[in-house]
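Structure first, commentary second.
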Amino acid sequence: MSAREFTFPQGDAAQLGFSATGLDRLAGALRREIEQRTFPGAVLLVGRDGRIAIDLALGVQDEKTGAPMRPDSLFRIYSMTKAITSTLALMLMEDGRLQLDDPVSKYIPAFASPKVATFDDGSLVAVGSDRQISIHSLFLHTSGLSHEMLETPVQSIYARAQLARRDRTNEELAEAIAALPLLCTPGTQWNYSRSIEVLGRVIEVISGQTLGDAMRDRIFDPLGMTDTGFHAVPSDAEDRLAEPFAVDPWTDRPVSLFDMRQKPAFEAGGGGLVSTAPDYARFAQMILNGGELNGTRILGSRTVRFMLSDHLSPEITHRPEPLPPGYGFGLGFAIRTEAGLSPNPGSVGQFFWNGVAGTQFWGDPLEGLWAILMVQAPGQREYIRSLIRNLVYGALEDRPAG
């Protein structure tokens, strides 16, 4: 049986090391938050040792329709796209078509002469950089690129460029980003950025395909991720769309997320995918397995080991958000480097990333565990992330002997 036909076996939660009391607390907390209108509904899927330990679908998909949440409900996963884009780029490295120390300008000439933003009496002056942006620095968010969501000196420039528009291609987006000044000299700082969108365009240049087609051919089809794409692709998608509250329950402001049914021109490698918990679980298990799922190999085991290593040297500075204390960064994921420091439990070597609409996933090689939470609650995402990490690890115990 190939990964395409693979179905996760259901495990016994107690045999997999989860306490009944802890699981009751976890389910009870999710139901409480739904009742208190923190979010409309949620899907939580947790696997350990290759088996499903926790499988919950609670609340409603959409408050307007009242349709109950389904295990296969479709969600905007935003930045959880980044790990998939990074995996695809590493596949091209394994093909011998990409080197991490290549300059980005080898594939996108518009990046040949990067300029760094400096400020003289409050006025921005763009000064030529003495370093090129490398492919490696795109993976790591050390490229010097920024993001319009962050409070940085060049944030307003990024905001004016309207980089989130879904009506332009990855080629057009990369050209627009190349024209913007860098926040810092490449390789000196970690800053959350539009780097993975640029990496997505590099993939297109090398592969000769759109990013979506390349993902489909190299990752989604081989792993059986039939519900994942840059818009809602299944024939019954209309019945499975998870939506946020129309108004944020904490701020009373309107909530606006992209229409999952609309096929975009912009296939955002950093944040454009729609997926389900079972689909993303296949990807997470593949990474946890060292690059393969049920005999279908996506990446070499040594490449995955390289991917899940911290690549940030001590000289590289970074802000605490969205990279928390106790974490470095690998090739597509935040990587836990310390048992402490972080405000949430987890093992050294844990890897994770989140989505701005509330989705999250992590893998813990030491525990043989992955967890995926799907919600659409952008304003509550930080609270929900901590809540779920604490509850899942709080339910985890040593596996029974024998």
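Within each chain, counting starts at residue 1; across the structure tokens, chains are named A, B, ... in the order shown, with ligands numbered 1 upward in that order.
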
Would you kindly return, as a PyMOL selection string, each protein, DNA or RNA residue with an atom no farther than 7 Å from any atom of Leu331 of chain A, considering only C-alpha atoms and excluding same-chain residues fewer than 5 positions away? chain A and resi 86+139-140+307-308

Just the strand (DSSP E) stuff from segment 108-164 of chain A, please, per backbone DSSP, written as a PyMOL selection string. chain A and resi 115-120+123-128

Would you mind listing what lies within 10 Å of segment 347-349 of chain A as a list of chain:residue names, with only C-alpha atoms counted and same-chain residues fewer than 5 positions away left out?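 The residues satisfying every condition are A:Leu308, A:Ser309, A:Asp310, A:Gly326, A:Tyr327, A:Gly328, A:Ala334, A:Ile335, A:Arg336, A:Thr337, A:Glu338, A:Ala339, A:Gly340, A:Gly363, A:Asp364, A:Pro365, A:Leu366, A:Glu367.
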
Taking only C-alpha atoms into account, name the residue in A:Gly332, A:Pro114, A:Gly59, A:Pro314 that is nearest to Thr85 of chain A.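 Looking only at the distances to Thr85 of chain A, the closest residue turns out to be A:Gly332.
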
Taking the DSSP secondary structure from the backbone, can you list the residues of segment 279-401 of chain A that are alpha helix (DSSP H), as a PyMOL selection string? chain A and resi 279-288+301-307+381-395

File dump, residues just selected, N, CA, C and O atoms, as a compact mmCIF listing (two decimals), in the first residue's frame:
```
# COMPACT_ATOMS: atom_id res chain seq x y z
N ASP A 279 -5.07 15.62 6.06
CA ASP A 279 -4.06 15.84 5.03
C ASP A 279 -2.74 16.30 5.64
O ASP A 279 -1.67 15.77 5.33
N TYR A 280 -2.83 17.30 6.51
CA TYR A 280 -1.58 17.85 7.07
C TYR A 280 -0.92 16.82 7.98
O TYR A 280 0.30 16.81 8.14
N ALA A 281 -1.71 15.92 8.57
CA ALA A 281 -1.14 14.86 9.40
C ALA A 281 -0.23 13.95 8.57
O ALA A 281 0.79 13.46 9.07
N ARG A 282 -0.58 13.71 7.33
CA ARG A 282 0.28 12.90 6.47
C ARG A 282 1.63 13.58 6.27
O ARG A 282 2.68 12.92 6.31
N PHE A 283 1.59 14.89 6.04
CA PHE A 283 2.84 15.63 5.88
C PHE A 283 3.65 15.59 7.18
O PHE A 283 4.87 15.34 7.16
N ALA A 284 2.99 15.84 8.32
CA ALA A 284 3.70 15.85 9.60
C ALA A 284 4.31 14.49 9.91
O ALA A 284 5.45 14.40 10.39
N GLN A 285 3.57 13.42 9.65
CA GLN A 285 4.09 12.07 9.93
C GLN A 285 5.27 11.76 9.00
O GLN A 285 6.24 11.12 9.43
N MET A 286 5.21 12.23 7.76
CA MET A 286 6.32 12.03 6.84
C MET A 286 7.59 12.67 7.38
O MET A 286 8.67 12.06 7.37
N ILE A 287 7.49 13.89 7.87
CA ILE A 287 8.66 14.56 8.44
C ILE A 287 9.14 13.81 9.67
O ILE A 287 10.36 13.56 9.84
N LEU A 288 8.22 13.43 10.56
CA LEU A 288 8.60 12.72 11.78
C LEU A 288 9.26 11.38 11.45
O LEU A 288 10.13 10.90 12.19
N SER A 301 16.52 10.86 4.57
CA SER A 301 16.53 10.97 6.03
C SER A 301 17.56 11.97 6.52
O SER A 301 17.33 12.70 7.49
N ARG A 302 18.73 12.04 5.85
CA ARG A 302 19.76 13.00 6.28
C ARG A 302 19.36 14.42 5.94
O ARG A 302 19.69 15.35 6.69
N THR A 303 18.62 14.59 4.85
CA THR A 303 18.12 15.92 4.53
C THR A 303 17.12 16.38 5.58
O THR A 303 17.13 17.55 5.99
N VAL A 304 16.26 15.47 6.03
CA VAL A 304 15.31 15.84 7.08
C VAL A 304 16.04 16.18 8.37
O VAL A 304 15.69 17.14 9.06
N ARG A 305 17.05 15.42 8.69
CA ARG A 305 17.85 15.72 9.89
C ARG A 305 18.46 17.12 9.79
O ARG A 305 18.47 17.88 10.75
N PHE A 306 18.97 17.44 8.60
CA PHE A 306 19.52 18.77 8.32
C PHE A 306 18.43 19.83 8.44
O PHE A 306 18.63 20.90 9.02
N MET A 307 17.26 19.52 7.91
CA MET A 307 16.11 20.43 7.93
C MET A 307 15.69 20.78 9.36
O MET A 307 15.32 21.92 9.66
N ARG A 381 -5.44 33.62 18.23
CA ARG A 381 -4.47 32.58 17.89
C ARG A 381 -3.38 32.39 18.94
O ARG A 381 -3.01 31.25 19.24
N GLU A 382 -2.88 33.46 19.53
CA GLU A 382 -1.81 33.30 20.51
C GLU A 382 -2.31 32.57 21.75
O GLU A 382 -1.64 31.68 22.30
N TYR A 383 -3.48 32.94 22.19
CA TYR A 383 -4.08 32.29 23.35
C TYR A 383 -4.32 30.81 23.08
O TYR A 383 -4.01 29.94 23.90
N ILE A 384 -4.88 30.52 21.90
CA ILE A 384 -5.21 29.13 21.56
C ILE A 384 -3.95 28.28 21.45
O ILE A 384 -3.93 27.12 21.88
N ARG A 385 -2.90 28.83 20.86
CA ARG A 385 -1.66 28.07 20.69
C ARG A 385 -1.11 27.60 22.04
O ARG A 385 -0.76 26.43 22.21
N SER A 386 -1.03 28.51 22.99
CA SER A 386 -0.52 28.13 24.31
C SER A 386 -1.46 27.15 25.00
O SER A 386 -1.02 26.18 25.62
N LEU A 387 -2.75 27.40 24.89
CA LEU A 387 -3.74 26.53 25.53
C LEU A 387 -3.57 25.09 25.07
O LEU A 387 -3.51 24.16 25.89
N ILE A 388 -3.49 24.88 23.76
CA ILE A 388 -3.44 23.52 23.22
C ILE A 388 -2.12 22.84 23.54
O ILE A 388 -2.09 21.65 23.90
N ARG A 389 -1.02 23.55 23.44
CA ARG A 389 0.27 22.95 23.79
C ARG A 389 0.24 22.46 25.24
O ARG A 389 0.65 21.33 25.54
N ASN A 390 -0.22 23.32 26.13
CA ASN A 390 -0.26 22.96 27.55
C ASN A 390 -1.15 21.75 27.80
O ASN A 390 -0.81 20.85 28.59
N LEU A 391 -2.30 21.71 27.14
CA LEU A 391 -3.26 20.62 27.38
C LEU A 391 -2.77 19.29 26.82
O LEU A 391 -2.93 18.25 27.45
N VAL A 392 -2.19 19.31 25.61
CA VAL A 392 -1.71 18.06 25.02
C VAL A 392 -0.56 17.49 25.83
O VAL A 392 -0.55 16.30 26.18
N TYR A 393 0.42 18.32 26.16
CA TYR A 393 1.54 17.81 26.95
C TYR A 393 1.10 17.46 28.37
O TYR A 393 1.64 16.54 28.99
N GLY A 394 0.09 18.17 28.89
CA GLY A 394 -0.42 17.86 30.21
C GLY A 394 -1.11 16.50 30.28
O GLY A 394 -1.18 15.89 31.33
N ALA A 395 -1.61 16.03 29.13
CA ALA A 395 -2.27 14.73 29.08
C ALA A 395 -1.30 13.58 28.82
O ALA A 395 -1.67 12.42 28.92
```

Please provide as a list in words all residues within 12 Å of Asp213 of chain A, with the sequence filter that same-chain residues fewer than 5 positions apart are discarded (counting only C-alpha atoms).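 Answer for this query is Leu88, Gly200, Ile203, Glu204, Ser207, Gly208, Arg218, Ile219, Phe220, Asp221, Thr228, Gly229, Phe230 and Glu267 of chain A.
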
How would the residues just picked look written out with N, CA and C atoms as an mmCIF file, in the first residue's frame?
```cif
data_model
loop_
_atom_site.group_PDB
_atom_site.id
_atom_site.type_symbol
_atom_site.label_atom_id
_atom_site.label_comp_id
_atom_site.auth_asym_id
_atom_site.auth_seq_id
_atom_site.Cartn_x
_atom_site.Cartn_y
_atom_site.Cartn_z
ATOM 1 N N LEU A 88 9.576 21.234 -0.584
ATOM 2 C CA LEU A 88 9.684 21.138 -2.037
ATOM 3 C C LEU A 88 11.018 21.699 -2.523
ATOM 4 N N GLY A 200 9.167 30.331 -3.155
ATOM 5 C CA GLY A 200 8.163 29.716 -4.022
ATOM 6 C C GLY A 200 8.366 30.088 -5.478
ATOM 7 N N ILE A 203 11.243 28.121 -6.902
ATOM 8 C CA ILE A 203 10.793 26.771 -7.260
ATOM 9 C C ILE A 203 10.147 26.778 -8.642
ATOM 10 N N GLU A 204 9.330 27.791 -8.921
ATOM 11 C CA GLU A 204 8.691 27.875 -10.227
ATOM 12 C C GLU A 204 9.720 28.018 -11.347
ATOM 13 N N SER A 207 11.548 24.560 -11.700
ATOM 14 C CA SER A 207 10.695 23.434 -12.111
ATOM 15 C C SER A 207 9.986 23.660 -13.432
ATOM 16 N N GLY A 208 9.803 24.922 -13.815
ATOM 17 C CA GLY A 208 9.027 25.230 -15.003
ATOM 18 C C GLY A 208 7.539 25.030 -14.810
ATOM 19 N N ARG A 218 4.819 16.656 -6.625
ATOM 20 C CA ARG A 218 5.932 16.154 -5.825
ATOM 21 C C ARG A 218 5.552 15.793 -4.394
ATOM 22 N N ILE A 219 4.461 16.405 -3.857
ATOM 23 C CA ILE A 219 4.126 16.190 -2.443
ATOM 24 C C ILE A 219 2.692 15.718 -2.254
ATOM 25 N N PHE A 220 1.717 16.468 -2.758
ATOM 26 C CA PHE A 220 0.324 16.163 -2.435
ATOM 27 C C PHE A 220 -0.118 14.823 -3.014
ATOM 28 N N ASP A 221 0.121 14.602 -4.300
ATOM 29 C CA ASP A 221 -0.290 13.328 -4.891
ATOM 30 C C ASP A 221 0.456 12.145 -4.279
ATOM 31 N N THR A 228 -5.709 19.287 -0.326
ATOM 32 C CA THR A 228 -4.826 20.423 -0.119
ATOM 33 C C THR A 228 -4.507 21.117 -1.436
ATOM 34 N N GLY A 229 -4.604 22.447 -1.440
ATOM 35 C CA GLY A 229 -4.283 23.238 -2.621
ATOM 36 C C GLY A 229 -4.412 24.713 -2.311
ATOM 37 N N PHE A 230 -4.196 25.543 -3.322
ATOM 38 C CA PHE A 230 -4.266 26.993 -3.117
ATOM 39 C C PHE A 230 -5.692 27.532 -3.189
ATOM 40 N N GLU A 267 -0.088 32.194 -5.824
ATOM 41 C CA GLU A 267 0.018 30.953 -5.064
ATOM 42 C C GLU A 267 1.116 31.147 -4.025
#
```

Can you work out the spacing between atom CA of Trp353 of chain A and atom CA of Ala242 of chain A in Å, to one decimal? 20.1 Å

How far is it from atom CA of Arg131 of chain A to atom CA of Ser113 of chain A, in Å with one decimal? 9.1 Å

I want to know what sits within 9 Å of Asp248 of chain A, based on only C-alpha atoms, with residues of the same chain fewer than 2 positions away left out; could you give that as a PyMOL selection string? chain A and resi 38+244-246+250-255+377-380

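For the choices A:Ala164, A:Val233, A:Val247, A:Leu74, the atom-to-atom distance to Ala265 of chain A is smallest for A:Ala164 when using only C-alpha atoms.
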
Name all residues at most 10 Å from Asp62 of chain A (count only C-alpha atoms; drop same-chain ones fewer than 4 positions away) and give them as an NGL selection string. :A and (40-41 or 66-69 or 240-246 or 376)
